[in-house]
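Colleague: What follows is a single structure, and I will ask about it in a moment.
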Amino acid sequence: MLTLVTGTTGQVGRRFVPRLLAQREPGEQVRVLVRDAARGERFAELGAEVVTGDLRDEETLGKAVAGADAVVNVAASFRGVPDEEAWAVNRDAAVALGRAAQSAGVRRFVQVSTGMVYGVGRGRPLTEDDEIRPGGMMWGAYNESKAAAERELLALEGLQVRIGRLPFVYGDGDPHLAQALQWAATWASAQRLQMAHHADVAQGLLRLLYAPAVGGPVYNIADDAPVTTVELYRLNGVEVPAGLETRTDTDPWFGIMSNRRIRRDLGFRPVYPSAWTARDAGAL
């Protein structure tokens with residue numbers, strides 16, 4: 001089995017690839033796509049084949065998928081980028097990669113998406129059967145482009161597409177946890193943030209990659225215990241600002257995801273059920 005992974009130098013990809021390489025069976029190969037050859041050296045040292053090029057280049061896609069059995073598309077363009085770039089990477093490049101994989105005879109395609117595609121809350125944990133409802137906090141080109149990529153990839157015939165929707169991802173030294181405080185500054189004290197540690201994101205993606213059959217094809221990959229704004233400050237070792245208790249949460253179920261399907265279908269059990277478990281294990 002040869003697996004191609006894209007987005008390998010981002011926060012998720014750079015932590016996923018070593019875990020994928022570490023659990024390979026004899027004869028299994030991993031290929032990574034990077035734009036800068038120097039940034040692929042650490043993966044090569046771990047045993048990966050490195051292809052250099054841009055995901056948005058048709059010739060590069062052909063080289064990347066040649067001979068591959070599976071693709072894990074982690075590539076994404078998120079914060080601080082123009083809308084047109086978000087659409088170009090998150091939808092256009094993802095769909096082009098899917099079509100290239102389809103033409104090359106790739107059997108399985110794992111698309112890394114986001115729980116933000118659900119939009120507004122439902123008054124309960126979000127499930128994979130919930131339709132997308134645009135709107136709510138943080139809705140924009142990222143969410144829309146990811147949702148569009150999901151739709152177009154799932155429409156490709158002959159390609160087994162599996163989608164993993166991620167919440168807020170943290171751990172293994174990822175600065176994301178500290179960066180979250182810039183948003184939390186306007187949140188109510190009891191507002192909750194759904195999370196998943198990088199170890200559990202990798203676990204979920206590996207289960208989607210290797211399971212012979214799924215009931216999905218969409219799966220939430222999330223831990224068991226969202227954290228509150230107050231807890232987020234404490235996890236970062238920062239004093240809780242005065243006045244948080246006076247704010248109200250307009251959508252208490254925004255972004256809160258159920259992980260019941262991936263637990264039931266694929267045996268997923270979070271290594272770190274909560275961020276506090278990761279803190280106690282020294283895994284933040």
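Within each chain, counting starts at residue 1; across the structure tokens, chains are named A, B, ... in the order shown, with ligands numbered 1 upward in that order.
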Using only C-alpha atoms, which protein or nucleic acid residues come within 10 Å of Ala93 (chain A)? Drop anything in the same chain fewer than 6 positions from it, and give the result as an mmCIF file with C-alpha atoms, in the first residue's frame.
Modeller:
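Now in selection-v6.cif:
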```
data_model
loop_
_atom_site.group_PDB
_atom_site.id
_atom_site.type_symbol
_atom_site.label_atom_id
_atom_site.label_comp_id
_atom_site.auth_asym_id
_atom_site.auth_seq_id
_atom_site.Cartn_x
_atom_site.Cartn_y
_atom_site.Cartn_z
ATOM 1 C CA ASP A 54 2.505 22.801 -5.595
ATOM 2 C CA LEU A 55 -0.838 21.144 -4.959
ATOM 3 C CA ARG A 56 -2.374 23.575 -7.447
ATOM 4 C CA ASP A 57 -0.135 22.397 -10.295
ATOM 5 C CA GLU A 58 -1.601 19.716 -12.563
ATOM 6 C CA LEU A 61 -0.642 16.196 -8.959
ATOM 7 C CA ASN A 73 -5.540 15.362 1.920
ATOM 8 C CA ALA A 75 -3.786 20.614 2.945
ATOM 9 C CA ALA A 76 -5.795 23.694 3.903
ATOM 10 C CA ALA A 86 -9.037 29.835 0.601
ATOM 11 C CA TRP A 87 -11.225 28.756 -2.307
ATOM 12 C CA ARG A 99 -9.954 13.866 -9.833
ATOM 13 C CA ALA A 149 -14.947 20.440 -1.425
#
```
Colleague: Show me a table, sorted first by chain and then by increasing residue number, of the residues of region 99-120 of chain A having an atom at most 8 Å from region 140-148 of chain A, each with its shortest atom pair and the distance in Å to one decimal, counting only C-alpha atoms and written as JSON lines.
Modeller:
```
{"residue": "A:Ser113", "atom": "CA", "partner": "A:Lys146", "partner_atom": "CA", "distance": 6.2}
{"residue": "A:Thr114", "atom": "CA", "partner": "A:Lys146", "partner_atom": "CA", "distance": 7.2}
{"residue": "A:Met116", "atom": "CA", "partner": "A:Asn143", "partner_atom": "CA", "distance": 5.9}
{"residue": "A:Val117", "atom": "CA", "partner": "A:Asn143", "partner_atom": "CA", "distance": 5.0}
```
Colleague: Can you measure CA of Ser274 (chain A) to CA of Val112 (chain A) for me? One decimal in Å is fine.
Modeller: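 Answer for the CA of Ser274 (chain A) to CA of Val112 (chain A) separation: 21.4 Å.
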Colleague: Choose the residue, out of A:Leu266, A:Gly27, A:Gly119, A:Ala100, that has the smallest atom-to-atom separation from Tyr210 (chain A); count only C-alpha atoms.
Modeller: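 Among A:Leu266, A:Gly27, A:Gly119, A:Ala100, it is A:Leu266 that comes nearest to Tyr210 (chain A).
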Colleague: Excluding Val106 (chain A) and residues on its chain fewer than 2 positions from it, collect all residues at most 6 Å away from it, counting only C-alpha atoms, and give them as a VMD selection string.
Modeller: chain A and resid 68 to 70 101 to 102 104 108
Colleague: Output the selection as a short mmCIF file (atom, residue, chain, number, x, y, z; two decimals), in the first residue's frame - all heavy atoms for each residue.
Modeller:
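Now in again11.cif:
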```cif
data_model
loop_
_atom_site.label_atom_id
_atom_site.label_comp_id
_atom_site.auth_asym_id
_atom_site.auth_seq_id
_atom_site.Cartn_x
_atom_site.Cartn_y
_atom_site.Cartn_z
N ALA A 68 -0.25 5.46 -6.35
CA ALA A 68 -0.77 5.50 -4.97
C ALA A 68 -2.04 4.66 -4.85
O ALA A 68 -2.84 4.57 -5.78
CB ALA A 68 -1.05 6.94 -4.55
N ASP A 69 -2.22 4.08 -3.68
CA ASP A 69 -3.44 3.33 -3.36
C ASP A 69 -4.42 4.19 -2.57
O ASP A 69 -5.63 3.96 -2.61
CB ASP A 69 -3.10 2.09 -2.53
CG ASP A 69 -2.16 1.16 -3.27
OD1 ASP A 69 -2.62 0.52 -4.24
OD2 ASP A 69 -0.98 1.07 -2.89
N ALA A 70 -3.88 5.16 -1.82
CA ALA A 70 -4.72 5.99 -0.97
C ALA A 70 -4.13 7.39 -0.87
O ALA A 70 -2.92 7.59 -1.05
CB ALA A 70 -4.86 5.38 0.43
N ALA A 101 -6.57 11.61 -8.46
CA ALA A 101 -6.55 10.31 -7.79
C ALA A 101 -7.49 9.33 -8.47
O ALA A 101 -7.16 8.16 -8.68
CB ALA A 101 -6.93 10.48 -6.32
N GLN A 102 -8.65 9.81 -8.85
CA GLN A 102 -9.64 8.99 -9.55
C GLN A 102 -9.06 8.46 -10.86
O GLN A 102 -9.16 7.27 -11.18
CB GLN A 102 -10.89 9.84 -9.81
CG GLN A 102 -12.02 9.15 -10.52
CD GLN A 102 -13.12 10.14 -10.89
OE1 GLN A 102 -12.84 11.24 -11.38
NE2 GLN A 102 -14.36 9.77 -10.63
N ALA A 104 -5.95 8.11 -11.62
CA ALA A 104 -4.78 7.25 -11.39
C ALA A 104 -5.15 5.91 -10.78
O ALA A 104 -4.27 5.08 -10.54
CB ALA A 104 -3.78 7.98 -10.49
N ARG A 108 -8.81 4.89 -2.27
CA ARG A 108 -9.38 5.53 -1.08
C ARG A 108 -8.84 6.95 -0.93
O ARG A 108 -7.65 7.19 -1.10
CB ARG A 108 -9.04 4.69 0.15
CG ARG A 108 -9.74 5.12 1.43
CD ARG A 108 -9.58 4.01 2.47
NE ARG A 108 -10.21 2.77 2.00
CZ ARG A 108 -10.00 1.58 2.55
NH1 ARG A 108 -9.16 1.45 3.56
NH2 ARG A 108 -10.61 0.51 2.07
#
```
Colleague: Name the residues of region 9-121 of chain A that fall into strand (DSSP E) according to DSSP on the backbone, using the chain letters and numbers of this document, as a PyMOL selection string.
Modeller: chain A and resi 29-34+49-52+70-73+108-114
Colleague: What would the file look like if the residues just selected were written as a short mmCIF file (atom, residue, chain, number, x, y, z; two decimals), in the first residue's frame with N, CA and C atoms?
Modeller:
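Contents of the output file out_33.cif:
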```cif
data_model
loop_
_atom_site.label_atom_id
_atom_site.label_comp_id
_atom_site.auth_asym_id
_atom_site.auth_seq_id
_atom_site.Cartn_x
_atom_site.Cartn_y
_atom_site.Cartn_z
N GLN A 29 4.21 1.95 2.10
CA GLN A 29 5.01 3.13 1.80
C GLN A 29 4.18 4.40 2.01
N VAL A 30 4.88 5.47 2.34
CA VAL A 30 4.25 6.78 2.52
C VAL A 30 4.96 7.79 1.63
N ARG A 31 4.19 8.54 0.88
CA ARG A 31 4.71 9.60 0.02
C ARG A 31 4.15 10.94 0.51
N VAL A 32 4.98 11.94 0.62
CA VAL A 32 4.51 13.25 1.07
C VAL A 32 4.75 14.28 -0.04
N LEU A 33 3.82 15.21 -0.14
CA LEU A 33 3.94 16.31 -1.10
C LEU A 33 4.29 17.57 -0.34
N VAL A 34 5.41 18.20 -0.71
CA VAL A 34 5.84 19.45 -0.09
C VAL A 34 6.20 20.46 -1.17
N GLU A 49 8.81 8.87 1.09
CA GLU A 49 9.20 9.36 -0.24
C GLU A 49 8.70 10.79 -0.36
N VAL A 50 9.53 11.68 -0.87
CA VAL A 50 9.17 13.10 -0.94
C VAL A 50 9.00 13.53 -2.39
N VAL A 51 7.85 14.15 -2.67
CA VAL A 51 7.59 14.76 -3.98
C VAL A 51 7.48 16.26 -3.75
N THR A 52 8.21 17.04 -4.55
CA THR A 52 8.22 18.49 -4.40
C THR A 52 7.37 19.14 -5.48
N ALA A 70 -3.88 5.16 -1.82
CA ALA A 70 -4.72 5.99 -0.97
C ALA A 70 -4.13 7.39 -0.87
N VAL A 71 -5.00 8.35 -0.60
CA VAL A 71 -4.59 9.74 -0.41
C VAL A 71 -5.20 10.25 0.88
N VAL A 72 -4.41 10.99 1.66
CA VAL A 72 -4.92 11.72 2.81
C VAL A 72 -4.64 13.19 2.54
N ASN A 73 -5.69 13.95 2.27
CA ASN A 73 -5.54 15.36 1.92
C ASN A 73 -5.72 16.23 3.17
N ARG A 108 -8.81 4.89 -2.27
CA ARG A 108 -9.38 5.53 -1.08
C ARG A 108 -8.84 6.95 -0.93
N PHE A 109 -9.74 7.86 -0.59
CA PHE A 109 -9.37 9.27 -0.47
C PHE A 109 -9.93 9.80 0.85
N VAL A 110 -9.04 10.17 1.78
CA VAL A 110 -9.45 10.72 3.07
C VAL A 110 -9.29 12.24 3.01
N GLN A 111 -10.39 12.93 3.14
CA GLN A 111 -10.40 14.39 3.09
C GLN A 111 -10.52 14.96 4.51
N VAL A 112 -9.54 15.76 4.90
CA VAL A 112 -9.60 16.41 6.21
C VAL A 112 -10.41 17.69 6.08
N SER A 113 -11.51 17.74 6.83
CA SER A 113 -12.41 18.88 6.77
C SER A 113 -12.54 19.48 8.17
N THR A 114 -13.58 20.24 8.39
CA THR A 114 -13.73 20.97 9.65
C THR A 114 -15.16 20.90 10.16
#
```
Colleague: Would you tabulate, counting only C-alpha atoms, all residues of region 74-134 of chain A that have an atom at most 12 Å from an atom of region 237-256 of chain A, showing the closest pair of atoms and their distance in Å to one decimal, sorted by chain then ascending number, as a tab-separated table?
Modeller:
```
residue	atom	partner	partner_atom	distance
A:Thr114	CA	A:Gly255	CA	9.8
A:Gly115	CA	A:Gly255	CA	6.5
A:Met116	CA	A:Gly255	CA	6.4
A:Val117	CA	A:Gly255	CA	9.2
A:Tyr118	CA	A:Gly255	CA	7.6
A:Gly119	CA	A:Phe254	CA	7.6
A:Val120	CA	A:Phe254	CA	5.8
A:Gly121	CA	A:Phe254	CA	4.3
A:Arg122	CA	A:Trp253	CA	6.5
A:Gly123	CA	A:Trp253	CA	5.5
A:Arg124	CA	A:Trp253	CA	6.0
A:Pro125	CA	A:Ile256	CA	5.2
A:Leu126	CA	A:Ile256	CA	6.1
A:Thr127	CA	A:Ile256	CA	9.3
A:Glu128	CA	A:Ile256	CA	11.9
A:Arg133	CA	A:Phe254	CA	11.5
```
Colleague: With all heavy atoms retained, could you export that selection as a short mmCIF file (atom, residue, chain, number, x, y, z; two decimals), in the first residue's frame?
Modeller:
```cif
data_model
loop_
_atom_site.label_atom_id
_atom_site.label_comp_id
_atom_site.auth_asym_id
_atom_site.auth_seq_id
_atom_site.Cartn_x
_atom_site.Cartn_y
_atom_site.Cartn_z
N THR A 114 -13.58 20.24 8.39
CA THR A 114 -13.73 20.97 9.65
C THR A 114 -15.16 20.90 10.16
O THR A 114 -16.11 20.92 9.36
CB THR A 114 -13.32 22.44 9.47
OG1 THR A 114 -13.68 23.18 10.65
CG2 THR A 114 -14.02 23.08 8.28
N GLY A 115 -15.32 20.85 11.47
CA GLY A 115 -16.65 20.91 12.06
C GLY A 115 -17.30 22.26 11.87
O GLY A 115 -18.52 22.40 12.07
N MET A 116 -16.53 23.24 11.43
CA MET A 116 -17.10 24.57 11.21
C MET A 116 -18.06 24.59 10.02
O MET A 116 -18.82 25.54 9.85
CB MET A 116 -15.97 25.58 11.00
CG MET A 116 -15.15 25.82 12.26
SD MET A 116 -13.68 26.83 11.96
CE MET A 116 -14.44 28.40 11.54
N VAL A 117 -18.05 23.54 9.20
CA VAL A 117 -18.98 23.51 8.07
C VAL A 117 -20.43 23.38 8.52
O VAL A 117 -21.35 23.70 7.76
CB VAL A 117 -18.66 22.37 7.08
CG1 VAL A 117 -17.26 22.51 6.51
CG2 VAL A 117 -18.84 21.00 7.72
N TYR A 118 -20.66 22.93 9.77
CA TYR A 118 -22.04 22.79 10.24
C TYR A 118 -22.74 24.14 10.36
O TYR A 118 -23.96 24.22 10.26
CB TYR A 118 -22.06 22.10 11.61
CG TYR A 118 -21.72 20.63 11.57
CD1 TYR A 118 -20.53 20.16 12.11
CD2 TYR A 118 -22.60 19.72 10.99
CE1 TYR A 118 -20.22 18.82 12.10
CE2 TYR A 118 -22.29 18.36 10.97
CZ TYR A 118 -21.10 17.92 11.52
OH TYR A 118 -20.79 16.58 11.50
N GLY A 119 -21.97 25.20 10.59
CA GLY A 119 -22.58 26.51 10.78
C GLY A 119 -23.16 26.66 12.16
O GLY A 119 -22.48 26.35 13.16
N VAL A 120 -24.38 27.09 12.25
CA VAL A 120 -25.00 27.38 13.55
C VAL A 120 -25.28 26.10 14.33
O VAL A 120 -25.33 25.00 13.78
CB VAL A 120 -26.32 28.17 13.36
CG1 VAL A 120 -26.05 29.51 12.71
CG2 VAL A 120 -27.31 27.37 12.51
N GLY A 121 -25.47 26.27 15.66
CA GLY A 121 -25.74 25.13 16.52
C GLY A 121 -27.15 24.58 16.34
O GLY A 121 -27.99 25.19 15.68
N ARG A 122 -27.40 23.43 16.94
CA ARG A 122 -28.70 22.77 16.82
C ARG A 122 -29.35 22.54 18.18
O ARG A 122 -30.36 21.84 18.28
CB ARG A 122 -28.56 21.40 16.12
CG ARG A 122 -27.83 21.42 14.79
CD ARG A 122 -28.58 22.19 13.72
NE ARG A 122 -28.13 21.87 12.40
CZ ARG A 122 -27.04 22.37 11.79
NH1 ARG A 122 -26.29 23.24 12.44
NH2 ARG A 122 -26.72 22.01 10.57
N GLY A 123 -28.77 23.07 19.23
CA GLY A 123 -29.32 22.83 20.56
C GLY A 123 -28.93 21.48 21.11
O GLY A 123 -29.52 21.01 22.08
N ARG A 124 -27.92 20.84 20.52
CA ARG A 124 -27.42 19.52 20.91
C ARG A 124 -26.10 19.32 20.17
O ARG A 124 -25.77 20.10 19.26
CB ARG A 124 -28.42 18.43 20.50
CG ARG A 124 -28.78 18.51 19.03
CD ARG A 124 -29.47 17.28 18.51
NE ARG A 124 -29.94 17.48 17.15
CZ ARG A 124 -29.18 17.52 16.07
NH1 ARG A 124 -27.86 17.38 16.18
NH2 ARG A 124 -29.69 17.70 14.87
N PRO A 125 -25.35 18.28 20.51
CA PRO A 125 -24.12 18.02 19.77
C PRO A 125 -24.39 17.78 18.28
O PRO A 125 -25.37 17.11 17.92
CB PRO A 125 -23.55 16.77 20.44
CG PRO A 125 -24.11 16.81 21.82
CD PRO A 125 -25.49 17.38 21.67
N LEU A 126 -23.55 18.31 17.44
CA LEU A 126 -23.70 18.18 15.99
C LEU A 126 -23.34 16.77 15.55
O LEU A 126 -22.35 16.20 15.98
CB LEU A 126 -22.78 19.19 15.29
CG LEU A 126 -23.09 20.66 15.58
CD1 LEU A 126 -21.86 21.53 15.34
CD2 LEU A 126 -24.26 21.13 14.73
N THR A 127 -24.17 16.22 14.68
CA THR A 127 -23.92 14.88 14.15
C THR A 127 -23.68 14.95 12.65
O THR A 127 -24.06 15.91 11.98
CB THR A 127 -25.10 13.93 14.42
OG1 THR A 127 -26.19 14.27 13.55
CG2 THR A 127 -25.55 14.00 15.87
N GLU A 128 -23.09 13.89 12.14
CA GLU A 128 -22.72 13.85 10.73
C GLU A 128 -23.92 13.88 9.80
O GLU A 128 -23.78 14.19 8.61
CB GLU A 128 -21.89 12.58 10.46
CG GLU A 128 -20.55 12.55 11.15
CD GLU A 128 -20.58 12.03 12.58
OE1 GLU A 128 -21.69 11.93 13.17
OE2 GLU A 128 -19.50 11.73 13.12
N ARG A 133 -25.78 24.49 7.69
CA ARG A 133 -26.57 25.71 7.81
C ARG A 133 -25.63 26.90 7.89
O ARG A 133 -25.10 27.22 8.96
CB ARG A 133 -27.44 25.66 9.08
CG ARG A 133 -28.55 24.62 9.04
CD ARG A 133 -29.39 24.70 10.30
NE ARG A 133 -30.41 23.66 10.34
CZ ARG A 133 -31.19 23.43 11.39
NH1 ARG A 133 -31.05 24.17 12.49
NH2 ARG A 133 -32.09 22.46 11.36
#
```
Colleague: Taking into account only C-alpha atoms, which residue in the set A:Pro226, A:Gly10, A:Pro26, A:Pro175 is nearest to Ala275 (chain A)?
Modeller: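 Among the listed residues, the smallest separation from Ala275 (chain A) belongs to A:Pro226.
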Colleague: Counting only C-alpha atoms, what is within 8 Å of region 41-46 of chain A, bar same-chain residues fewer than 5 positions away, as an mmCIF file with N, CA, C and O atoms, in the first residue's frame?
Modeller:
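The resulting file, result37.cif, is reproduced below:
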```cif
data_model
loop_
_atom_site.group_PDB
_atom_site.id
_atom_site.type_symbol
_atom_site.label_atom_id
_atom_site.label_comp_id
_atom_site.auth_asym_id
_atom_site.auth_seq_id
_atom_site.Cartn_x
_atom_site.Cartn_y
_atom_site.Cartn_z
ATOM 1 N N VAL A 17 2.048 12.751 9.872
ATOM 2 C CA VAL A 17 2.927 11.911 9.058
ATOM 3 C C VAL A 17 3.858 11.032 9.894
ATOM 4 O O VAL A 17 3.984 9.828 9.622
ATOM 5 N N PRO A 18 4.527 11.559 10.926
ATOM 6 C CA PRO A 18 5.371 10.657 11.736
ATOM 7 C C PRO A 18 4.584 9.524 12.373
ATOM 8 O O PRO A 18 5.092 8.397 12.496
ATOM 9 N N LEU A 21 3.927 6.990 9.619
ATOM 10 C CA LEU A 21 5.153 6.253 9.317
ATOM 11 C C LEU A 21 5.489 5.240 10.416
ATOM 12 O O LEU A 21 5.966 4.134 10.132
ATOM 13 N N VAL A 32 4.984 11.940 0.621
ATOM 14 C CA VAL A 32 4.513 13.254 1.066
ATOM 15 C C VAL A 32 4.753 14.278 -0.038
ATOM 16 O O VAL A 32 5.750 14.204 -0.758
#
```
Colleague: Measuring between only C-alpha atoms, which one of A:Lys63, A:Arg165, A:Arg264, A:Arg19 shows the shortest distance to Ala222 (chain A)?
Modeller: A:Arg165
Colleague: Leaving out Val230 (chain A) and any residue of its chain fewer than 3 positions from it, which residues lie within 8 Å of it when counting only C-alpha atoms, given as an mmCIF file with all heavy atoms, in the first residue's frame?
Modeller:
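In the end it all went to out_26.cif:
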```cif
data_model
loop_
_atom_site.group_PDB
_atom_site.id
_atom_site.type_symbol
_atom_site.label_atom_id
_atom_site.label_comp_id
_atom_site.auth_asym_id
_atom_site.auth_seq_id
_atom_site.Cartn_x
_atom_site.Cartn_y
_atom_site.Cartn_z
ATOM 1 N N SER A 189 -17.950 33.404 29.830
ATOM 2 C CA SER A 189 -17.121 32.525 30.647
ATOM 3 C C SER A 189 -17.455 31.048 30.451
ATOM 4 O O SER A 189 -16.582 30.183 30.537
ATOM 5 C CB SER A 189 -17.265 32.891 32.128
ATOM 6 O OG SER A 189 -18.609 32.733 32.549
ATOM 7 N N ALA A 190 -18.737 30.750 30.201
ATOM 8 C CA ALA A 190 -19.159 29.353 30.056
ATOM 9 C C ALA A 190 -19.197 28.887 28.606
ATOM 10 O O ALA A 190 -19.575 27.742 28.345
ATOM 11 C CB ALA A 190 -20.536 29.156 30.691
ATOM 12 N N TYR A 233 -8.320 29.681 29.557
ATOM 13 C CA TYR A 233 -7.336 30.563 30.182
ATOM 14 C C TYR A 233 -6.456 29.790 31.156
ATOM 15 O O TYR A 233 -5.232 29.966 31.185
ATOM 16 C CB TYR A 233 -8.048 31.710 30.908
ATOM 17 C CG TYR A 233 -8.405 32.869 29.995
ATOM 18 C CD1 TYR A 233 -9.682 32.985 29.441
ATOM 19 C CD2 TYR A 233 -7.461 33.845 29.674
ATOM 20 C CE1 TYR A 233 -10.001 34.028 28.598
ATOM 21 C CE2 TYR A 233 -7.770 34.892 28.830
ATOM 22 C CZ TYR A 233 -9.043 34.988 28.289
ATOM 23 O OH TYR A 233 -9.361 36.036 27.453
ATOM 24 N N ARG A 234 -7.059 28.927 31.937
ATOM 25 C CA ARG A 234 -6.294 28.187 32.943
ATOM 26 C C ARG A 234 -5.338 27.187 32.315
ATOM 27 O O ARG A 234 -4.224 26.972 32.814
ATOM 28 C CB ARG A 234 -7.251 27.510 33.923
ATOM 29 C CG ARG A 234 -7.959 28.530 34.817
ATOM 30 C CD ARG A 234 -8.973 27.908 35.743
ATOM 31 N NE ARG A 234 -9.527 28.912 36.655
ATOM 32 C CZ ARG A 234 -10.649 28.756 37.353
ATOM 33 N NH1 ARG A 234 -11.347 27.636 37.231
ATOM 34 N NH2 ARG A 234 -11.069 29.710 38.150
ATOM 35 N N VAL A 240 -7.678 34.671 34.426
ATOM 36 C CA VAL A 240 -8.974 34.870 33.787
ATOM 37 C C VAL A 240 -9.354 36.352 33.887
ATOM 38 O O VAL A 240 -9.375 36.914 34.984
ATOM 39 C CB VAL A 240 -10.059 34.009 34.456
ATOM 40 C CG1 VAL A 240 -11.405 34.239 33.796
ATOM 41 C CG2 VAL A 240 -9.670 32.532 34.396
#
```
Colleague: Leaving out Gly267 (chain A) and any residue of its chain fewer than 5 positions from it, which residues lie within 10 Å of it when counting only C-alpha atoms, given as a compact mmCIF listing (two decimals) with N, CA, C and O atoms, in the first residue's frame?
Modeller:
```txt
# COMPACT_ATOMS: atom_id res chain seq x y z
N GLY A 204 -7.96 9.16 14.49
CA GLY A 204 -9.17 9.17 13.69
C GLY A 204 -8.88 9.04 12.20
O GLY A 204 -9.54 8.27 11.48
N ARG A 207 -7.83 5.52 11.30
CA ARG A 207 -8.98 4.62 11.25
C ARG A 207 -9.75 4.81 9.94
O ARG A 207 -10.20 3.83 9.33
N ARG A 260 -19.96 10.09 18.54
CA ARG A 260 -20.59 8.78 18.72
C ARG A 260 -20.42 7.88 17.50
O ARG A 260 -20.17 6.68 17.64
N ARG A 261 -20.53 8.44 16.30
CA ARG A 261 -20.45 7.59 15.11
C ARG A 261 -19.06 6.97 14.96
O ARG A 261 -18.95 5.77 14.69
N ILE A 262 -18.01 7.75 15.13
CA ILE A 262 -16.67 7.19 14.93
C ILE A 262 -16.31 6.23 16.06
O ILE A 262 -15.58 5.27 15.87
```
